[in-house]
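So this block is coords30.txt, compact mmCIF, C-alpha atoms and all ligand atoms:
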```txt
# COMPACT_ATOMS: atom_id res chain seq x y z
CA MET A 1 106.79 93.58 112.98
CA ILE A 2 106.11 90.80 110.48
CA TYR A 3 108.68 87.96 110.25
CA ILE A 4 109.30 86.15 106.99
CA PHE A 5 111.05 82.75 107.34
CA CYS A 6 112.70 81.28 104.28
CA ALA A 7 115.07 78.38 103.69
CA PRO A 8 115.53 75.27 101.62
CA SER A 9 113.01 72.62 102.65
CA GLY A 10 114.29 70.65 105.66
CA SER A 11 116.49 73.46 107.06
CA GLY A 12 114.26 73.98 110.07
CA LYS A 13 111.81 76.77 109.20
CA SER A 14 108.85 74.98 110.77
CA THR A 15 110.97 74.18 113.84
CA MET A 16 111.88 77.89 114.23
CA VAL A 17 108.29 79.05 113.70
CA LYS A 18 106.99 76.47 116.22
CA HIS A 19 109.56 77.67 118.76
CA LEU A 20 108.25 81.25 118.49
CA LEU A 21 104.61 80.14 118.62
CA THR A 22 105.28 77.99 121.71
CA MET A 23 107.34 80.61 123.55
CA HIS A 24 105.06 83.55 122.68
CA PRO A 25 101.55 82.27 121.90
CA ASP A 26 100.02 85.69 122.56
CA LEU A 27 102.50 87.55 120.39
CA PHE A 28 102.74 85.61 117.13
CA GLU A 29 100.50 83.76 114.72
CA LEU A 30 101.38 81.81 111.59
CA SER A 31 99.97 82.90 108.26
CA VAL A 32 98.27 79.78 106.87
CA SER A 33 99.00 79.39 103.15
CA CYS A 34 96.99 77.61 100.49
CA THR A 35 98.61 74.63 98.81
CA THR A 36 97.64 72.07 96.19
CA ARG A 37 99.82 69.35 97.75
CA ALA A 38 98.29 66.60 99.88
CA PRO A 39 98.52 66.76 103.70
CA ARG A 40 101.57 65.04 105.22
CA GLY A 41 101.72 63.16 108.52
CA GLU A 42 99.68 64.90 111.19
CA GLU A 43 98.93 68.03 109.13
CA VAL A 44 95.45 69.49 109.55
CA HIS A 45 93.48 71.64 107.07
CA GLY A 46 93.44 75.23 108.35
CA ARG A 47 96.37 74.72 110.74
CA GLU A 48 99.48 73.98 108.61
CA TYR A 49 97.80 74.83 105.29
CA TYR A 50 94.50 75.23 103.53
CA PHE A 51 94.72 72.12 101.34
CA ILE A 52 92.80 72.93 98.17
CA SER A 53 92.43 71.60 94.62
CA VAL A 54 94.21 73.09 91.61
CA GLU A 55 90.81 74.36 90.38
CA GLU A 56 90.13 76.14 93.66
CA PHE A 57 93.66 77.57 93.66
CA GLN A 58 93.09 78.95 90.15
CA LYS A 59 89.80 80.50 91.31
CA ARG A 60 91.68 82.22 94.16
CA ILE A 61 94.24 83.58 91.65
CA ASP A 62 91.42 84.90 89.44
CA ASN A 63 89.83 86.59 92.50
CA ASP A 64 93.17 88.30 93.26
CA ASP A 65 93.11 86.72 96.74
CA PHE A 66 96.89 86.15 96.98
CA ILE A 67 99.63 88.64 97.95
CA GLU A 68 102.00 86.21 96.30
CA PHE A 69 101.91 82.67 94.99
CA GLU A 70 104.45 80.30 93.45
CA GLN A 71 104.65 76.95 91.78
CA VAL A 72 107.26 75.92 94.34
CA TYR A 73 107.71 72.41 92.96
CA ASP A 74 106.58 70.90 89.64
CA GLY A 75 102.80 71.10 89.63
CA LEU A 76 102.54 72.09 93.32
CA TYR A 77 101.23 75.58 94.05
CA TYR A 78 101.58 77.54 97.29
CA GLY A 79 100.09 80.97 97.96
CA THR A 80 99.79 83.57 100.71
CA LEU A 81 96.28 84.92 101.20
CA LYS A 82 95.88 88.69 101.64
CA GLU A 83 93.18 88.02 104.25
CA GLU A 84 95.66 86.17 106.53
CA ILE A 85 97.50 89.41 107.43
CA ASP A 86 94.18 91.14 108.24
CA ARG A 87 92.96 88.14 110.27
CA ILE A 88 96.13 87.94 112.39
CA GLU A 89 96.48 91.70 112.90
CA ALA A 90 92.81 91.86 113.93
CA ASP A 91 93.72 89.24 116.59
CA GLY A 92 96.35 91.71 117.84
CA ARG A 93 99.23 89.40 116.92
CA GLN A 94 102.34 89.64 114.73
CA VAL A 95 102.39 87.65 111.51
CA LEU A 96 104.91 84.86 110.84
CA PHE A 97 105.37 83.70 107.24
CA ASP A 98 106.92 80.34 106.30
CA VAL A 99 107.39 80.60 102.54
CA ASP A 100 109.88 79.64 99.83
CA VAL A 101 112.82 81.89 99.03
CA LYS A 102 111.26 83.58 95.99
CA GLY A 103 107.96 84.16 97.80
CA GLY A 104 109.80 85.53 100.83
CA LEU A 105 111.75 88.06 98.79
CA ASN A 106 108.51 89.12 97.08
CA LEU A 107 106.79 89.58 100.45
CA LYS A 108 109.72 91.63 101.75
CA ARG A 109 109.56 93.85 98.66
CA ILE A 110 105.82 94.39 99.18
CA LEU A 111 105.91 94.85 102.99
CA GLY A 112 109.18 96.83 103.22
CA ASP A 113 110.12 98.05 106.71
CA LYS A 114 107.04 96.37 108.22
CA ALA A 115 108.83 93.03 107.77
CA THR A 116 112.10 91.32 108.72
CA SER A 117 113.18 88.56 106.35
CA ILE A 118 115.07 85.69 108.02
CA PHE A 119 116.99 83.01 106.13
CA ILE A 120 117.38 79.70 107.99
CA CYS A 121 120.62 78.18 106.79
CA PRO A 122 121.29 74.42 107.06
CA PRO A 123 124.81 73.44 108.16
CA SER A 124 125.34 71.51 104.87
CA ILE A 125 123.47 69.82 102.03
CA ASP A 126 124.39 66.41 103.50
CA GLU A 127 122.77 67.37 106.80
CA LEU A 128 119.75 68.67 104.90
CA ARG A 129 119.35 65.24 103.30
CA ARG A 130 119.66 63.56 106.73
CA ARG A 131 116.97 65.84 108.17
CA LEU A 132 114.57 65.34 105.28
CA GLU A 133 115.06 61.56 105.47
CA GLY A 134 114.82 61.65 109.27
CA ARG A 135 111.52 63.54 109.18
CA GLY A 136 110.13 60.42 107.51
CA ASP A 137 107.14 62.06 105.84
CA THR A 138 108.53 62.94 102.38
CA SER A 139 108.92 60.46 99.51
CA PRO A 140 112.45 59.74 98.17
CA GLU A 141 111.45 61.39 94.88
CA MET A 142 110.30 64.58 96.64
CA ILE A 143 113.48 64.59 98.77
CA GLU A 144 115.60 64.57 95.58
CA LYS A 145 113.52 67.46 94.14
CA ARG A 146 113.96 69.47 97.32
CA LEU A 147 117.72 68.85 97.49
CA ALA A 148 118.12 69.73 93.81
CA LYS A 149 116.55 73.11 94.54
CA ALA A 150 118.40 73.73 97.82
CA GLU A 151 121.71 74.95 96.40
CA PHE A 152 119.94 77.45 94.15
CA GLU A 153 117.92 78.72 97.14
CA MET A 154 121.10 79.08 99.25
CA SER A 155 122.46 81.59 96.72
CA PHE A 156 119.75 84.10 97.76
CA GLN A 157 120.91 84.21 101.39
CA PRO A 158 122.70 87.63 101.08
CA GLN A 159 119.40 89.28 100.10
CA PHE A 160 117.85 88.59 103.52
CA ASP A 161 117.78 90.95 106.52
CA LYS A 162 118.99 88.22 108.93
CA VAL A 163 120.53 84.75 108.71
CA VAL A 164 120.18 82.03 111.36
CA VAL A 165 122.50 79.04 111.00
CA ASN A 166 120.52 76.04 112.23
CA ASP A 167 123.34 73.75 113.30
CA ASP A 168 122.83 73.20 117.01
CA LEU A 169 119.14 73.74 117.76
CA THR A 170 119.66 75.58 121.06
CA HIS A 171 122.11 77.95 119.42
CA ALA A 172 119.69 78.54 116.53
CA PHE A 173 116.89 79.41 119.01
CA GLU A 174 119.25 81.85 120.75
CA GLN A 175 120.03 83.57 117.45
CA LEU A 176 116.32 83.79 116.70
CA ASP A 177 115.43 85.13 120.14
CA ALA A 178 118.07 87.85 119.70
CA ILE A 179 116.48 88.90 116.40
CA ILE A 180 113.01 89.06 117.96
CA GLU A 181 114.37 91.10 120.85
CA GLY A 182 115.88 93.50 118.29
CA LYS A 183 119.50 92.76 119.26
P1 LIG B 201 111.46 72.93 107.14
O1 LIG B 201 110.24 73.50 107.79
O2 LIG B 201 112.48 73.97 106.80
O3 LIG B 201 111.15 72.03 105.96
P2 LIG B 201 111.68 71.31 109.58
O4 LIG B 201 111.53 72.33 110.66
O5 LIG B 201 110.51 70.40 109.30
O6 LIG B 201 112.20 71.98 108.21
O7 LIG B 201 112.97 70.43 109.94
C1 LIG B 201 113.33 69.26 109.18
C2 LIG B 201 113.72 68.11 110.12
O8 LIG B 201 114.95 68.42 110.75
C3 LIG B 201 112.69 67.88 111.22
O9 LIG B 201 112.60 66.48 111.48
C4 LIG B 201 113.31 68.60 112.43
O10 LIG B 201 112.92 68.02 113.66
C5 LIG B 201 114.81 68.41 112.19
N1 LIG B 201 115.65 69.52 112.71
C6 LIG B 201 115.37 70.85 112.69
N2 LIG B 201 116.39 71.56 113.23
C7 LIG B 201 117.33 70.66 113.60
C8 LIG B 201 118.64 70.76 114.22
N3 LIG B 201 119.17 71.94 114.58
N4 LIG B 201 119.32 69.63 114.45
C9 LIG B 201 118.80 68.42 114.08
N5 LIG B 201 117.59 68.24 113.51
C10 LIG B 201 116.86 69.34 113.26
P1 LIG B 202 106.21 72.04 102.29
O1 LIG B 202 105.57 71.28 101.16
O2 LIG B 202 107.48 71.39 102.79
O3 LIG B 202 105.25 72.37 103.40
O4 LIG B 202 106.64 73.45 101.72
C1 LIG B 202 107.40 73.54 100.55
C2 LIG B 202 107.90 74.95 100.41
O5 LIG B 202 106.81 75.85 100.09
C3 LIG B 202 108.53 75.51 101.68
O6 LIG B 202 109.74 76.20 101.31
C4 LIG B 202 107.49 76.47 102.19
O7 LIG B 202 108.07 77.50 102.96
C5 LIG B 202 106.93 77.00 100.89
N1 LIG B 202 105.64 77.70 101.05
C6 LIG B 202 104.66 77.44 101.94
N2 LIG B 202 103.65 78.31 101.80
C7 LIG B 202 104.01 79.17 100.82
C8 LIG B 202 103.40 80.32 100.25
O8 LIG B 202 102.30 80.74 100.60
N3 LIG B 202 104.07 80.95 99.26
C9 LIG B 202 105.30 80.53 98.82
N4 LIG B 202 105.89 81.23 97.86
N5 LIG B 202 105.91 79.45 99.35
C10 LIG B 202 105.27 78.78 100.33
```
Show this structure as structure tokens.
Amino acid sequence: MIYIFCAPSGSGKSTMVKHLLTMHPDLFELSVSCTTRAPRGEEVHGREYYFISVEEFQKRIDNDDFIEFEQVYDGLYYGTLKEEIDRIEADGRQVLFDVDVKGGLNLKRILGDKATSIFICPPSIDELRRRLEGRGDTSPEMIEKRLAKAEFEMSFQPQFDKVVVNDDLTHAFEQLDAIIEGK
């Protein structure tokens, strides 16, 4: 099974994905996307993302290297490489995707029953702001852009296979574990 994680930025997608990777390192692997944004905080090329230039991203589009790509924010491109699925499946692991809502719905349409799409829901927009500010690695301008998009993204929640409400972290992990165990 492939798991597609989607949510407004700051809802806790990375936290959920890290939980699965820590609990089951032999079972899951994260698909590393390409992005044209600069690395944040402790991010490392090839681990969180392949950080590439706009020119290189365009070359990848021309080569038909992406399953899907989006301009997620003004001028910032993110794309899922076809070769990531092959790389991870060759390792004998299940693929985790952390992508925006539109990209996630596209992936689900392409992958069908091979994939479960999971929407991580923040308790409220106010809490989303607190989390983005608390993370301390995103500029105030980018935080406003992300919050402006969040309500629109929330409207897609009914189109997902599963929803995890990330209010209390322990409870969110329990909901996620139940999904992975097929409950
Ligand atoms: P995303 O990947 O969706 O952008 P993150 O996983 O980076 O979001 O989470 C955003 C911030 O909120 C991080 O600082 C994270 O530690 C914090 N966070 C995540 N889940 C919770 C929670 N249930 N309660 C409080 N803080 C949380
Ligand atoms: P961030 O800049 O916070 O890492 O990510 C911004 C948004 O882009 C997040 O919602 C993240 O899930 C999404 N994203 C990351 N990689 C991809 C990708 O390959 N495709 C799409 N469509 N979105 C992505």
Return as a tab-separated table the residues of region 100-137 of chain A lying at most 12 Å from region 170-180 of chain A, together with the closest atom-to-atom pair for each and the distance in Å to one decimal, counting all atoms listed in the file, with rows in chain order and ascending residue number.
```
residue	atom	partner	partner_atom	distance
A:Ala115	CA	A:Ile180	CA	11.7
A:Thr116	CA	A:Ile179	CA	9.2
A:Ser117	CA	A:Ile179	CA	10.6
A:Ile118	CA	A:Leu176	CA	9.0
A:Phe119	CA	A:Leu176	CA	10.6
A:Ile120	CA	A:Ala172	CA	8.9
A:Cys121	CA	A:Ala172	CA	9.8
A:Pro122	CA	A:Ala172	CA	10.5
A:Pro123	CA	A:Ala172	CA	11.1
```
(message) Hey, which residues sit close to ligand LIG 202 (chain B)? Say within 6 Å, counting only C-alpha atoms and all ligand atoms, and write them as a ChimeraX atom specification.
(response) /A:8-9,33,69-70,72,78-80,98-100,103
(message) Taking all atoms listed in the file into account, which residues have an atom no farther than 8 Å from ligand LIG 201 (chain B)? I'd like them as a list in words.
(response)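 So, counting all atoms listed in the file, the residues near ligand LIG 201 (chain B) are Cys6, Ala7, Pro8, Ser9, Gly10, Ser11, Gly12, Lys13, Ser14, Thr15, Met16, Asp98, Ile120, Leu128, Arg130, Arg131, Leu132, Gly134, Arg135, Gly136, Asn166, Asp167, Asp168, Leu169, Thr170 and Ala172 of chain A.
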(request) Find the residue from A:Thr138, A:Ala150, A:Gly182, A:Gln157 that sits nearest to Gly41 (chain A); use only C-alpha atoms when measuring. (result)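 Using only C-alpha atoms, Gly41 (chain A) sits closest to A:Thr138.
Shell of region 58-67 of chain A at 9 Å, with all atoms listed in the file counted and residues fewer than 6 places along the chain excluded, is Gly79, Thr80, Leu81, Lys82, Glu83, Asn106, Leu107 and Ile110 of chain A.
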(request) Quick one: pull the distance between CA of Leu27 (chain A) and CA of Glu84 (chain A), Å, one decimal. (result) 15.5 Å
(request) Kindly give the distance, in Å, that separates CA of Asp26 (chain A) and CA of Phe51 (chain A), rounded to a single decimal. (result)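 We find that CA of Asp26 (chain A) and CA of Phe51 (chain A) lie 25.7 Å from each other.
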